[in-house]
Structures are given as C-alpha cells and as structure tokens.
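Read the structure below first, then the notes.
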Amino acid sequence: MRAATSDPARKMGEPVSKKQKTGPVKAVILVGGASKGTRFRPLSMDCPKPLFPVAGFPMVEHHIQACATLDNMAEIILLGFYEEELFTPFIEGCTERYGIRIRYLREIVSLGSAGGLNRYRDDILAGDPSAVVILHCDIACSFPLAKMLAFHAAKSARVTVLGKELSLEEAHKYGEMAVNPESDEMIHYAAKPQSNISPVINCGVYVFHPDVFDKLQTVGGSRSSAMGSDQEEGIVRLEQDLLMPMAGQQFIYVYKMEEFWFQIKVPVHALIATKLYLEYFAKAKPELLSKNLAATRGTLARAASQSSFDVGTSAAKLDIQEPCLIHPSANIQPGARVGPNVTIAAGVMIGAGARLLDCIILEDVIIREHAFVKNSIIGWNSQIGAWTRVQGSETSPSIFSAGVTANAEVVVDSCVVLANKSISSSCRGEIIL
Amino acid sequence: MVRLGNRMKALILVGGYGTRLRPLTLSAPKPLVEFANQAMVMHQIQALAKVGVSEVVLAVNYQPNTMRDFLAREQEKLGIKITTSQENEPMGTAGPIKLAEEHLNDGEPFFVLNSDVTCTFPFQQMLEFHKKAGAEGTLLVTKVEEPSAFGVVVYDADGRINRFVEKPKMFVGNRINAGIYLLSPSVFARIPLKPTSIEKEVFPAIAVDGNLFCMELDGFWADVGKPKDFITGTGAYLKHLRNVEPHRLRSGPEFFGNVLVDPSATIGLGCRIGPDVVIGPDCVVENGVCLKRVTMLPRSKVRSHSWVCDSIVGWDSVVGEWVRMESTSVLGEDVTIKSEVYLNGAVVLPHKSVGEDIPEPKIVM
C-alpha cells in the first residue's frame with residue numbers, strides 16, 4: 001500500500017493562536033479500516049481511503065484543518081483499525097503544518113462506529129475537554145465546527161448532530177432526523193427509512209459533552225450482556241445505540257448547516273467532492289487556489305524558458321479555467337488548457353496542448369502532448385500518451401489505479417483500470433484487471 | 001501498336017442520387033464529390049482524355065444545374081466533348097448504353113465505365129487486347145481478397161470468359177468484374193430498349209457465343225461509392241500516386257506515409273499528418289493536430305489538438321479543439337463539431353452542430 005504523503009510545502013490554513021475562552025475541545029476522526037474501504041476500490045487498493053486526495057488534500061486533512069482552526073482545540077485523534085504506520089508520515093506532516101497535537105489510536109478489531117470511542121475513552125477525555133467533536137472521515141463539507149460548538153453550548157446539549165436539509169427523495173439514503181422546529185431538539189431518528197420521516201439528514205459530525213461517554217459505556221455494556229456473544233462484545237454503533245434510543249429526551253440537538261455536504265463512498269464521489277470543495281474554496285478560501293496558481297505560473301515561466309520542447313505554440317500561454325488546485329511542482333507546458341475542477345498533485349508533467357477538465361491527477365503522472373482527460377481520476381505514476389483520450393461520464397468516470405499506461409492515441413471511456421496495466425487499444429465501459 | 005483514334009468515345013454510368021455516399025451526396029452530385037482533391041468523374045474523364053478519347057457521355061438519371069455548369073467548364077478546359085444522356089425511367093446497367101447509341105455508335109469500339117470505380121485505367125492496353133483477341137467485349141477484372149461478396153469471372157488462360165458466378169459460396173476464382181469495359185458496336189444489337197442488366201443479361205449472352213474476354217488489371221482498383229470504401233480507396237489511390245507522381249505528395253517531418261495537400265491549404269505546427277490523408281483547397285489544419293486516413297473536403301477546418309482518423313470532413317465543416325473523430329465518421333457540408341467532443345462512427349447530415357459525445361456509431365439527422 002502506498003505510504004501517505006506528507007507535504008510540508010502546503011497547508012490549508014494558518015495555525016490559529018490558542019485563545020482559551022471555554023474549556024479545551026478535542027476531536028476524534030473515525031477513519032475506519034482497510035476492510036471497510038472495498039467500495040472505494042480500486043483507489044483504496046493503493047492508498048488508505050482516508051488519505052486519498054480530495055480537492056488536492058488527503059480526504060481527512062479537510063477534517064483536520066477544520067478542527068485545527070478552532071480556538072481551543074487541544075488534540076485531534078484519528079481512530080481506526082488501519083495499521084498505524086500508514087498514517088505516521090501524514091500525521092507528522094499535519095502536526096507540523098497545523099501546529100497541533102495529532103495522534104492515531106488503533107482499534108484491534110472493529111467495534112462499530114462508537115466502540116472505539118468507548119475503548120479509548122480515557123485517552124479521549126484526558127486533559128478534561130469541555131466538548132469532543134466526533135467526525136466521520138468519509139464526508140466532504142464546509143465543517144462549520146465553531147458555529148456548531150457555540151450552538152452546543154447555547155443549547156446545553158449532551159449531543160449536537162450536524163444536520164442538513166435535503167430533498168425528501170435524497171434524504172432516504174441517509175439517517176433522517178425529525179427535529180422540533182422551536183427547540184432544535186432531535187425527537188426521532190430513522191436510518192435510511194422507506195417512508196418520509198424528515199428531510200433533515202445526519203451529516204456524520206457530532207459534538208459530545210463528556211458525559212456522553214458514560215452513556216456510551218452503558219449501552220455498550222448492556223448490549224454485550226444482552227447479546228451474550230464474544231463477537232458482538234464491545235460493539236457500539238452511534239446511530240442505532242445512541243441516537244435512536246436517546247431521541248426525544250432533551251439530550252440530542254441538531255445544528256442545521258447551509259453549505260455543501262457530500263458523502264464519499266465510491267470513486268466517482270471523490271470527483272464530485274473535489275468539485276464541491278473547489279467551488280467552496282473559490283468563494284470561502286480563494287487564496288488557496290490563487291496562491292497555488294501563482295506558484296505554478298512561477299514554475300511555468302522557468303520551465304518554458306528552459307525547455308527545449310517546442311511545438312511552435314510558444315506564443316500560447318498557460319490557460320487555467322478556475323477553480324483548479326495545482327501543486328507548485330507540477331510542470332505544465334504552454335498550450336495546455338486546465339480546468340475547471342482539476343487538481344494536479346506534486347511532480348506531475350503535463351505536455352503542451354493537453355486538455356484537462358473535471359479530473360484528479362495524482363502524484364508523478366505524465367500526460368503527453370494533446371492528450372484529453374475529462375471526468376477521470378488518474379492514479380500515481382500513470383502515463384497518458386499523446387493524443388490519447390481518457391474520459392467518462394459524470395456518473396461513470398474513468399479511474400486509473402497506480403502505474404497505468406494508456407498508449408498514444410487510444411480512447412479510454414468509462415473504464416476502471418487496476419494498477420500497472422498497459423492499455424494499447426481503445427476500450428469502453430470495462431473493468432480492466 | 002494500335003493507336004487510339006481521336007474518334008473514340010466513352011460512356012460513364014453515373015446513375016442516380018448516390019445514396020450510398022450520403023451525407024456527402026446530399027450537398028453535391030456524386031460525380032462532383034472530390035476524391036483525392038479532384039471530382040470523382042474527372043479522374044475518369046482525364047484518363048480517357050489522356051488516351052485520346054474525344055467524346056464522353058455521362059449516363060445520368062438526374063442532373064442538377066451544378067453538374068451541368070461543372071461539366072461545361074471542364075469540357076472547355078480539357079478540350080473534350082462531354083455530353084449527358086438522361087434516362088427518364090431506370091434502365092438498369094445496360095439500358096443507358098442503348099439509350100446513348102446515337103452518341104456512341106461510330107463503328108468503333110467504345111469504353112463503358114462505372115462511375116464509382118477508380119483504378120489505373122489501362123485503356124491503351126485494353127484496346128490492344130480487344131483488337132488482338134477479336135473480342136466483342138473486353139472486361140477489366142481485378143483480384144480481390146474476398147470474392148464471395150462480388151460477381152466472380154471464370155475464364156480461360158487466353159482471357160476468354162466462360163461464366164459469371166454471382167457472390168459464390170465456394171471458391172471459384174478471385175477475379176471480379178472491375179466495372180470497366182470496352183465494347184464493339186455489335187453489342188448495341190444485343191440490348192433491348194428497356195431495363196436490362198449488362199452483368200446478368202448481356203455479358204452472359206456474349207460469353208455463350210465465346211466473344212467475351214477479360215484482361216487482368218495490374219495495379220490498384222477501388223470502388224469508392226461508400227464512405228468506408230472512399231476512405232480505403234483514397235489510401236490505394238495515394239499509394240498509386242506515390243509510384244507515378246511522387247512529387248505531388250507532401251513530405252517533411254510532420255508528414256507520414258502518403259499525404260496529398262492542396263497548395264492553398266494551411267497546416268499549423270506540431271501536427272502529425274498521415275498516412276493516407278487528403279487535405280483539400282482552402283482547408284485549415286491548426287497546431288498539434290493528428291490526422292490519419294482522413295479526407296478533408298474543400299474549405300473545412302480542424303482546430304488545434306484534435307485527433308481525426310478514418311473519417312471524412314465535409315465542405316466548410318469545422319472540427320473544434322481537442323475533438324476525437326474515428327471509425328468512419330463522416331461530416332456532411334457545413335457541420336460544426338464543438339470542442340472536446342468525441343465522435344465514434346458518427347455520420348452527420350449537413351448544417352448540423354454537434355456538442356455532445358457520440359461514443360457509438362450513429363446518424364445525426
């Protein structure tokens with residue numbers, strides 16, 4: 001499996017000075033484990049899903065960044081059952097970039113979404129936090145944590161759940177929450193219901209009062225004795241074991257967010273989430289895009305003057321249609337047109353006259369002259385030949401794992417390609433093993 | 001050596017609407033569609049003029065003004081008489097010969113050509129063979145890889161034809177009727193003035209009398225009546241051109257194989273053109289374009305970074321940037337393919353604009 005990359009050159013925001021207003025806050029990000037990422041194949045075969053780049057940053061770095069910008073964040077814990085070494089370089093990099101204590105706690109076996117919280121209760125509550133933010137890893141959103149914490153305090157809630165109103169049709173895919181419109185209390189919870197309960201869904205972000213950990217222990221204990229099975233022992237699920245039974249007991253409140261929210265289950269979701277993040281960055285954090293573009297243009301100017309490669313389009317300028325997020329070390333030749341909704345990782349080479357839109361280009365990919373890439377994810381070290389076309393639809397993109405070669409002039413349309421394959425003839429709608 | 005007299009005449013069987021070559025023939029009559037930068041019928045008329053044929057009759061069953069005007073101009077240029085013989089009802093493949101008898105019958109043998117066929121046109125050798133054999137009719141035959149799709153000609157070592165086998169299921173031979181004949185005037189008497197097939201009725205009758213001969217064609221032959229054959233036939237023609245007039249083909253680091261470019265066309269930098277590409281008058285190929293087995297008809301344009309293979313780009317059509325076009329895609333006149341679109345076997349009728357991918361073969365009305 002690919003080691004997580006750590007990039008000291010970039011971070012998503014400035015470290016925030018710690019002003020202690022209330023008590024310290026801690027965060028726990030539930031990252032899951034290797035056996036849980038199968039729906040994200042083939043991308044999860046080369047990289048732990050939480051570290052897969054979404055909008056130019058490992059999926060979970062968006063969570064870390066949001067937590068790190070909170071005034072009184074004391075520590076961020078990544079909780080999961082991946083091997084710890086997979087996260088070590090990433091955590092070291094984030095610790096340095098965001099100036100905050102981050103560590104990984106490993107569950108030996110999967111104990112359900114809340115079992116690990118129970119098991120590591122003492123580590124989480126060490127330092128006596130006034131609140132603990134719990135975040136599922138597989139979501140992309142604007143993480144309005146400061147507003148959520150303020151709401152949590154104002155409501156004197158035990159649990160605050162981040163909610164978002166969707167259409168009734170869409171809401172069925174998620175946990176639905178009936179909310180008292182006056183008090184904002186959650187009065188009923190249903191997981192993926194068949195009938196209409198409420199358009200407000202559970203976004204997978206919670207704020208817990210420390211007392212809630214006592215409650216978790218109770219439900220965990222009662223379940224294990226009731227089930228009487230070793231296998232089930234210690235398994236606690238946040239939704240079924242906490243939210244459902246505690247609904248309507250003035251225990252759980254719902255903070256409704258307005259901005260984007262999206263769940264990343266399968267590879268195509270990484271493309272959609274990237275687009276949503278980039279659009280959000282363009283409005284909320286434009287410096288993130290422009291800063292990188294400026295750096296890229298600097299690199300470009302140097303590359304262009306040094307390059308002996310010339311297709312006679314020397315007058316052509318680098319053409320970027322925002323939003324895009326391009327690593328400063330990427331080498332983009334003149335005449336290429338990039339964007340919108342493109343992320344280009346470190347060490348990527350884009351040939352003259354190439355066209356990229358709605359795609360994720362991972363580290364050290366080489367894209368040759370006049371190639372066309374749309375609605376695709378191009379894995380680490382892959383190569384795309386001259387005049388080659390790699391594309392997909394919005395619902396069925398082309399996905400390249402690591403080290404895939406698409407030969408010159410072929411077309412790859414809506415194909416999923418596993419690692420280290422070489423494609424020498426055109427293909428459409430296939431999984432290439 | 002028998003000299004061709006300047007009294008010799010020829011009939012070109014043009015026929016109807018050229019539906020097999022649509023959508024190109026929706027904008028121009030088939031004889032005027034440019035094949036390798038020259039109207040299809042002019043390949044034949046020029047070859048006939050070269051051996052001293054003085055009058056060419058075109059058998060047509062419809063004749064738009066554009067064709068009339070075009071032929072009048074060419075007649076002037078070549079100094080050869082070009083007339084048309086119009087049938088009012090379908091006359092088959094032999095009927096038009098009878099219909100044109102008054103133009104053709106001067107007591108000498110005359111040539112009959114199918115208009116869809118292009119080849120090396122060995123008219124001089126045909127005439128010599130015809131005289132030597134004392135034939136009533138001489139057919140040109142050509143070798144094909146899959147004879148089962150054609151009418152196979154079975155003949156003796158001296159070229160005397162025994163019989164014809166239409167679409168044989170078992171192998172009987174690999175030489176087929178190439179659609180080019182030299183006929184003696186006695187043939188007129190064999191054709192009634194009604195719809196008649198020359199292949200199925202007239203030729204078998206002459207063969208029975210032992211007076212029908214064939215000559216093997218040495219060189220390329222192509223039926224260019226359908227887009228797919230038009231594209232492969234262009235490759236065969238350009239290969240022939242390489243042998244006989246190599247100076248007409250373009251060379252240079254950006255050109256691969258046989259490429260014919262009109263001097264008025266402009267080609268950008270960083271392109272990869274060829275093999276088997278024809279670029280017509282006033283065409284524009286922008287930078288970084290890859291073309292293989294493509295005909296660009298006059299005034300068409302392919303914009304930067306596009307990749308076009310096995311396709312025909314119609315008159316005044318524009319292919320946008322980063323377009324991929326392949327698998328016998330054919331654009332009619334004045335078609336616009338928007339940038340970044342993928343066409344796989346798309347046939348687009350005139351004056352259409354295409355903005356979405358066509359990943360499977362499809363006709364765009």
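We name chains A, B, ... following the order of the structure tokens; residues begin at 1 in each chain, and ligands are numbered from 1 as shown.
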Considering only C-alpha atoms, tabulate each residue of chain A that lies at most 12 Å from chain B along with its nearest interatomic pair and the corresponding distance in Å to one decimal; arrange the rows by chain and ascending residue number and present them as CSV.
```
residue,atom,partner,partner_atom,distance
A:Phe309,CA,B:Gly270,CA,10.7
A:Asp310,CA,B:Gly270,CA,8.2
A:Val311,CA,B:Gly270,CA,4.7
A:Gly312,CA,B:Leu269,CA,5.5
A:Thr313,CA,B:Leu269,CA,7.5
A:Ser314,CA,B:Leu269,CA,10.6
A:Ala315,CA,B:Asn287,CA,11.9
A:Ala316,CA,B:Asn287,CA,10.8
A:Gly335,CA,B:His305,CA,9.6
A:Ala336,CA,B:His305,CA,9.6
A:Arg337,CA,B:Trp322,CA,10.2
A:Gly351,CA,B:Gly288,CA,11.4
A:Ala352,CA,B:Gly288,CA,8.9
A:Gly353,CA,B:His305,CA,6.3
A:Ala354,CA,B:His305,CA,7.6
A:Arg355,CA,B:Trp322,CA,7.2
A:Leu356,CA,B:Glu340,CA,10.2
A:Leu357,CA,B:Glu340,CA,10.1
A:Arg368,CA,B:His305,CA,11.6
A:Glu369,CA,B:Gly288,CA,8.2
A:His370,CA,B:His305,CA,5.1
A:Ala371,CA,B:His305,CA,7.9
A:Phe372,CA,B:Trp322,CA,6.8
A:Val373,CA,B:Glu340,CA,9.8
A:Lys374,CA,B:Glu340,CA,9.3
A:Ala386,CA,B:Cys290,CA,9.6
A:Trp387,CA,B:Trp307,CA,6.4
A:Thr388,CA,B:Trp307,CA,8.7
A:Arg389,CA,B:Arg324,CA,7.8
A:Val390,CA,B:Tyr342,CA,10.7
A:Gln391,CA,B:Tyr342,CA,9.6
A:Gly392,CA,B:Asp357,CA,10.4
A:Ser393,CA,B:Asp357,CA,10.0
A:Ala408,CA,B:Trp307,CA,11.0
A:Glu409,CA,B:Trp307,CA,7.8
A:Val410,CA,B:Arg324,CA,10.0
A:Val411,CA,B:Arg324,CA,8.7
A:Val412,CA,B:Pro359,CA,10.9
A:Asp413,CA,B:Pro359,CA,8.5
A:Ser414,CA,B:Pro359,CA,10.7
A:Ser426,CA,B:Asn344,CA,11.1
A:Cys427,CA,B:Pro359,CA,10.9
A:Arg428,CA,B:Pro359,CA,8.8
A:Gly429,CA,B:Pro359,CA,10.8
```
Residue subset to file, keeping C-alpha atoms, as an mmCIF file, in the first residue's frame:
```cif
data_model
loop_
_atom_site.group_PDB
_atom_site.id
_atom_site.type_symbol
_atom_site.label_atom_id
_atom_site.label_comp_id
_atom_site.auth_asym_id
_atom_site.auth_seq_id
_atom_site.Cartn_x
_atom_site.Cartn_y
_atom_site.Cartn_z
ATOM 1 C CA PHE A 309 10.462 21.292 -26.303
ATOM 2 C CA ASP A 310 8.585 23.458 -28.705
ATOM 3 C CA VAL A 311 5.541 22.650 -30.758
ATOM 4 C CA GLY A 312 5.576 26.077 -32.253
ATOM 5 C CA THR A 313 2.993 27.327 -29.820
ATOM 6 C CA SER A 314 5.460 29.419 -27.873
ATOM 7 C CA ALA A 315 3.036 32.314 -28.010
ATOM 8 C CA ALA A 316 0.435 30.182 -26.295
ATOM 9 C CA GLY A 335 -0.600 25.482 -24.807
ATOM 10 C CA ALA A 336 -2.213 23.164 -22.298
ATOM 11 C CA ARG A 337 -5.659 24.109 -21.033
ATOM 12 C CA GLY A 351 2.581 18.156 -22.107
ATOM 13 C CA ALA A 352 1.964 21.014 -24.499
ATOM 14 C CA GLY A 353 -1.562 21.258 -25.807
ATOM 15 C CA ALA A 354 -3.055 18.798 -23.344
ATOM 16 C CA ARG A 355 -6.613 19.403 -22.139
ATOM 17 C CA LEU A 356 -7.753 18.552 -18.624
ATOM 18 C CA LEU A 357 -11.146 19.140 -17.052
ATOM 19 C CA ARG A 368 1.699 13.801 -23.078
ATOM 20 C CA GLU A 369 1.033 16.417 -25.736
ATOM 21 C CA HIS A 370 -2.535 16.966 -26.978
ATOM 22 C CA ALA A 371 -3.967 14.322 -24.626
ATOM 23 C CA PHE A 372 -7.511 14.873 -23.344
ATOM 24 C CA VAL A 373 -8.625 13.932 -19.839
ATOM 25 C CA LYS A 374 -12.167 14.517 -18.575
ATOM 26 C CA ALA A 386 -0.006 11.872 -26.977
ATOM 27 C CA TRP A 387 -3.480 12.452 -28.439
ATOM 28 C CA THR A 388 -4.850 9.874 -26.030
ATOM 29 C CA ARG A 389 -8.334 10.476 -24.703
ATOM 30 C CA VAL A 390 -9.290 9.348 -21.206
ATOM 31 C CA GLN A 391 -12.827 10.242 -20.296
ATOM 32 C CA GLY A 392 -16.022 9.156 -18.601
ATOM 33 C CA SER A 393 -19.434 10.457 -17.771
ATOM 34 C CA ALA A 408 -0.704 7.132 -27.559
ATOM 35 C CA GLU A 409 -3.908 7.837 -29.489
ATOM 36 C CA VAL A 410 -6.183 5.314 -27.740
ATOM 37 C CA VAL A 411 -9.505 6.279 -26.175
ATOM 38 C CA VAL A 412 -10.402 5.001 -22.726
ATOM 39 C CA ASP A 413 -14.042 5.763 -21.993
ATOM 40 C CA SER A 414 -15.665 4.981 -18.616
ATOM 41 C CA SER A 426 -9.328 1.656 -27.176
ATOM 42 C CA CYS A 427 -11.829 0.425 -24.596
ATOM 43 C CA ARG A 428 -15.195 1.489 -23.267
ATOM 44 C CA GLY A 429 -17.191 0.637 -20.146
#
```
task: Give me the residues within 12 Å of stretch 194-211 of chain B as a PyMOL selection string, counting only C-alpha atoms and dropping any in the same chain fewer than 3 places off.
output: chain B and resi 13+87-99+112+114+130-131+133-139+150-156+158-166+176-184+186-191+214
field: Contacts of A:Glu84 within 8 Å, only C-alpha atoms, excl. fewer than 4 positions in-chain, as a count of residues only
entry: 4
- request: Looking only at helix (DSSP H, G or I) from DSSP on the backbone, list the matching residues of stretch 135-292 of chain B as a VMD selection string.
  value: chain B and resid 147 to 149 185 to 190 198 to 208 227 to 244 246 to 248
Keeping N, CA and C atoms for every residue in the selection just given, could you write it to a file as a compact mmCIF listing (two decimals), in the first residue's frame?
```txt
# COMPACT_ATOMS: atom_id res chain seq x y z
N PRO B 147 -13.74 -12.89 -52.64
CA PRO B 147 -14.57 -12.88 -53.86
C PRO B 147 -16.05 -13.14 -53.56
N SER B 148 -16.35 -13.71 -52.39
CA SER B 148 -17.73 -14.10 -52.09
C SER B 148 -18.69 -12.92 -52.05
N ALA B 149 -18.16 -11.70 -51.95
CA ALA B 149 -19.04 -10.54 -51.91
C ALA B 149 -19.28 -9.95 -53.30
N PRO B 185 -19.37 -2.18 -81.41
CA PRO B 185 -20.70 -1.65 -81.72
C PRO B 185 -21.77 -2.75 -81.88
N SER B 186 -21.34 -4.00 -82.19
CA SER B 186 -22.33 -5.07 -82.34
C SER B 186 -23.11 -5.33 -81.06
N VAL B 187 -22.58 -4.86 -79.94
CA VAL B 187 -23.26 -5.05 -78.65
C VAL B 187 -24.60 -4.32 -78.61
N PHE B 188 -24.69 -3.18 -79.34
CA PHE B 188 -25.95 -2.41 -79.31
C PHE B 188 -27.14 -3.29 -79.69
N ALA B 189 -26.89 -4.19 -80.66
CA ALA B 189 -27.97 -5.04 -81.14
C ALA B 189 -28.42 -6.05 -80.10
N ARG B 190 -27.57 -6.30 -79.10
CA ARG B 190 -27.91 -7.27 -78.07
C ARG B 190 -28.75 -6.66 -76.95
N ILE B 198 -26.46 -5.37 -67.71
CA ILE B 198 -25.33 -5.77 -68.57
C ILE B 198 -24.61 -6.97 -67.98
N GLU B 199 -24.52 -7.01 -66.62
CA GLU B 199 -23.79 -8.10 -65.96
C GLU B 199 -24.56 -9.42 -66.04
N LYS B 200 -25.90 -9.35 -65.89
CA LYS B 200 -26.67 -10.59 -65.77
C LYS B 200 -27.26 -11.05 -67.09
N GLU B 201 -27.47 -10.12 -68.04
CA GLU B 201 -28.14 -10.50 -69.29
C GLU B 201 -27.22 -10.40 -70.50
N VAL B 202 -26.62 -9.24 -70.70
CA VAL B 202 -25.85 -9.01 -71.93
C VAL B 202 -24.54 -9.80 -71.94
N PHE B 203 -23.75 -9.65 -70.86
CA PHE B 203 -22.45 -10.33 -70.84
C PHE B 203 -22.56 -11.86 -70.93
N PRO B 204 -23.45 -12.49 -70.15
CA PRO B 204 -23.54 -13.96 -70.27
C PRO B 204 -23.86 -14.40 -71.70
N ALA B 205 -24.69 -13.59 -72.39
CA ALA B 205 -25.05 -13.95 -73.77
C ALA B 205 -23.84 -13.89 -74.69
N ILE B 206 -23.01 -12.85 -74.53
CA ILE B 206 -21.80 -12.73 -75.37
C ILE B 206 -20.83 -13.87 -75.03
N ALA B 207 -20.76 -14.20 -73.71
CA ALA B 207 -19.87 -15.27 -73.28
C ALA B 207 -20.26 -16.61 -73.91
N VAL B 208 -21.56 -16.85 -74.00
CA VAL B 208 -22.05 -18.09 -74.61
C VAL B 208 -21.54 -18.19 -76.05
N PRO B 227 -18.76 5.56 -48.03
CA PRO B 227 -17.73 6.27 -47.24
C PRO B 227 -16.56 5.38 -46.82
N LYS B 228 -16.86 4.16 -46.35
CA LYS B 228 -15.79 3.29 -45.87
C LYS B 228 -14.81 2.97 -47.02
N ASP B 229 -15.39 2.67 -48.19
CA ASP B 229 -14.56 2.36 -49.36
C ASP B 229 -13.87 3.61 -49.90
N PHE B 230 -14.53 4.73 -49.75
CA PHE B 230 -13.95 6.01 -50.16
C PHE B 230 -12.65 6.24 -49.39
N ILE B 231 -12.68 5.92 -48.09
CA ILE B 231 -11.50 6.14 -47.24
C ILE B 231 -10.38 5.15 -47.60
N THR B 232 -10.73 3.87 -47.74
CA THR B 232 -9.68 2.90 -48.08
C THR B 232 -9.21 3.12 -49.52
N GLY B 233 -10.15 3.49 -50.41
CA GLY B 233 -9.79 3.76 -51.81
C GLY B 233 -8.83 4.94 -51.92
N THR B 234 -8.99 5.92 -51.05
CA THR B 234 -8.08 7.06 -51.05
C THR B 234 -6.66 6.59 -50.76
N GLY B 235 -6.54 5.66 -49.79
CA GLY B 235 -5.22 5.11 -49.46
C GLY B 235 -4.60 4.40 -50.67
N ALA B 236 -5.43 3.63 -51.39
CA ALA B 236 -4.94 2.89 -52.56
C ALA B 236 -4.52 3.86 -53.66
N TYR B 237 -5.33 4.90 -53.83
CA TYR B 237 -5.02 5.90 -54.87
C TYR B 237 -3.72 6.63 -54.56
N LEU B 238 -3.54 7.01 -53.27
CA LEU B 238 -2.34 7.76 -52.91
C LEU B 238 -1.08 6.90 -53.05
N LYS B 239 -1.24 5.60 -52.80
CA LYS B 239 -0.11 4.67 -52.97
C LYS B 239 0.28 4.63 -54.45
N HIS B 240 -0.74 4.62 -55.30
CA HIS B 240 -0.51 4.65 -56.75
C HIS B 240 0.19 5.95 -57.14
N LEU B 241 -0.26 7.03 -56.54
CA LEU B 241 0.32 8.34 -56.83
C LEU B 241 1.80 8.36 -56.43
N ARG B 242 2.12 7.68 -55.33
CA ARG B 242 3.50 7.59 -54.86
C ARG B 242 4.38 6.97 -55.95
N ASN B 243 3.82 6.01 -56.69
CA ASN B 243 4.60 5.33 -57.73
C ASN B 243 4.73 6.16 -59.00
N VAL B 244 3.64 6.88 -59.34
CA VAL B 244 3.65 7.55 -60.65
C VAL B 244 3.98 9.05 -60.58
N PRO B 246 5.30 10.98 -57.51
CA PRO B 246 5.62 11.18 -56.08
C PRO B 246 5.79 12.65 -55.70
N HIS B 247 6.15 13.49 -56.65
CA HIS B 247 6.36 14.91 -56.34
C HIS B 247 5.08 15.60 -55.89
N ARG B 248 3.93 15.02 -56.20
CA ARG B 248 2.66 15.64 -55.79
C ARG B 248 2.35 15.40 -54.31
```
- prompt: Quick one: DSSP strand (DSSP E or B) residues in stretch 32-272 of chain B, as a VMD selection string?
  reply: chain B and resid 34 to 35 38 to 39 55 to 60 81 to 86 92 110 to 114 117 to 119 137 to 143 151 to 155 160 to 166 175 to 183 196 212 to 216 221 to 223 255 259 to 261 266 to 267 272
- request: Name all residues at most 7 Å from B:Pro298 (count only C-alpha atoms; drop same-chain ones fewer than 3 positions away) and give them as a VMD selection string.
  value: chain B and resid 280 to 283 315 to 316
Take the residues that were just selected and, keeping all heavy atoms, output them as a PDB file, in the first residue's frame.
```pdb
ATOM      1  N   GLY B 280      -7.918  19.297 -48.739  1.00  0.00           N
ATOM      2  CA  GLY B 280      -8.418  19.993 -49.927  1.00  0.00           C
ATOM      3  C   GLY B 280      -8.097  21.478 -49.949  1.00  0.00           C
ATOM      4  O   GLY B 280      -7.519  22.027 -49.010  1.00  0.00           O
ATOM      5  N   PRO B 281      -8.503  22.144 -51.036  1.00  0.00           N
ATOM      6  CA  PRO B 281      -8.249  23.574 -51.202  1.00  0.00           C
ATOM      7  C   PRO B 281      -8.843  24.398 -50.058  1.00  0.00           C
ATOM      8  O   PRO B 281      -9.951  24.100 -49.597  1.00  0.00           O
ATOM      9  CB  PRO B 281      -8.937  23.922 -52.517  1.00  0.00           C
ATOM     10  CG  PRO B 281      -9.099  22.625 -53.232  1.00  0.00           C
ATOM     11  CD  PRO B 281      -9.202  21.568 -52.187  1.00  0.00           C
ATOM     12  N   ASP B 282      -8.100  25.389 -49.614  1.00  0.00           N
ATOM     13  CA  ASP B 282      -8.541  26.347 -48.592  1.00  0.00           C
ATOM     14  C   ASP B 282      -8.896  25.682 -47.257  1.00  0.00           C
ATOM     15  O   ASP B 282      -9.624  26.263 -46.446  1.00  0.00           O
ATOM     16  CB  ASP B 282      -9.720  27.194 -49.097  1.00  0.00           C
ATOM     17  CG  ASP B 282      -9.349  27.953 -50.361  1.00  0.00           C
ATOM     18  OD1 ASP B 282      -8.279  28.584 -50.358  1.00  0.00           O
ATOM     19  OD2 ASP B 282     -10.109  27.874 -51.347  1.00  0.00           O
ATOM     20  N   CYS B 283      -8.403  24.497 -47.015  1.00  0.00           N
ATOM     21  CA  CYS B 283      -8.606  23.865 -45.712  1.00  0.00           C
ATOM     22  C   CYS B 283      -7.625  24.451 -44.712  1.00  0.00           C
ATOM     23  O   CYS B 283      -6.567  24.967 -45.078  1.00  0.00           O
ATOM     24  CB  CYS B 283      -8.378  22.352 -45.803  1.00  0.00           C
ATOM     25  SG  CYS B 283      -9.745  21.496 -46.607  1.00  0.00           S
ATOM     26  N   TRP B 315     -17.337  19.676 -46.771  1.00  0.00           N
ATOM     27  CA  TRP B 315     -17.075  21.048 -47.192  1.00  0.00           C
ATOM     28  C   TRP B 315     -17.499  22.052 -46.114  1.00  0.00           C
ATOM     29  O   TRP B 315     -18.604  21.963 -45.576  1.00  0.00           O
ATOM     30  CB  TRP B 315     -17.859  21.381 -48.460  1.00  0.00           C
ATOM     31  CG  TRP B 315     -17.680  20.404 -49.578  1.00  0.00           C
ATOM     32  CD1 TRP B 315     -16.737  20.446 -50.560  1.00  0.00           C
ATOM     33  CD2 TRP B 315     -18.476  19.232 -49.835  1.00  0.00           C
ATOM     34  NE1 TRP B 315     -16.897  19.373 -51.397  1.00  0.00           N
ATOM     35  CE2 TRP B 315     -17.941  18.619 -50.996  1.00  0.00           C
ATOM     36  CE3 TRP B 315     -19.564  18.640 -49.199  1.00  0.00           C
ATOM     37  CZ2 TRP B 315     -18.481  17.446 -51.530  1.00  0.00           C
ATOM     38  CZ3 TRP B 315     -20.102  17.473 -49.721  1.00  0.00           C
ATOM     39  CH2 TRP B 315     -19.564  16.893 -50.876  1.00  0.00           C
ATOM     40  N   ASP B 316     -16.609  22.996 -45.827  1.00  0.00           N
ATOM     41  CA  ASP B 316     -16.897  24.109 -44.905  1.00  0.00           C
ATOM     42  C   ASP B 316     -17.184  23.647 -43.474  1.00  0.00           C
ATOM     43  O   ASP B 316     -17.643  24.451 -42.656  1.00  0.00           O
ATOM     44  CB  ASP B 316     -18.075  24.967 -45.405  1.00  0.00           C
ATOM     45  CG  ASP B 316     -17.798  25.563 -46.773  1.00  0.00           C
ATOM     46  OD1 ASP B 316     -16.923  26.442 -46.847  1.00  0.00           O
ATOM     47  OD2 ASP B 316     -18.421  25.124 -47.762  1.00  0.00           O
TER      48      ASP B 316
END
```
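Distances here use only C-alpha atoms; by that measure, the residue among A:Leu43, A:Ile272, A:Ile29, A:Val348 closest to A:Ala419 is A:Leu43.
From atom CA of B:Ser300 back to atom CA of B:Gly257, the distance works out to 21.8 Å.
One distance worth recording is that between atom CA of A:Leu325 and atom CA of A:Lys164, which is 27.2 Å.
With only C-alpha atoms taken into account, the protein and nucleic acid residues at most 9 Å from B:Phe35 (excluding it and anything under 2 positions from it in its own chain) are Leu32, Val33, Asn37, Gln38, Ala39, Met40, His43, Val224, Phe230, Thr234, Val278, Thr295 and Leu297 of chain B.
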Selection near B:Ala346, 12 Å with only C-alpha atoms, sequence-local residues under 6 positions removed, as a PyMOL selection string: chain B and resi 23+227+310-313+324-332+335+337+354+356-365
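With only C-alpha atoms as the atoms that count, the residue of B:Thr336, B:Thr83, B:Asp116, B:Asp106 with the shortest distance to B:Lys226 is B:Asp116.
Residues lying within 12 Å of B:Arg250, counting only C-alpha atoms and ignoring same-chain neighbours fewer than 2 positions away, are Leu238, Leu241, Arg242, Glu245, Pro246, His247, Arg248, Gly252, Pro253, Glu254, Phe255, Phe256, Gly257, Asn258, Val259, Leu260, Val261, Asp262, Pro263, Ile267, Ile273, Gly274, Pro275, Asp276, Val277, Val278 and Ile279 of chain B.
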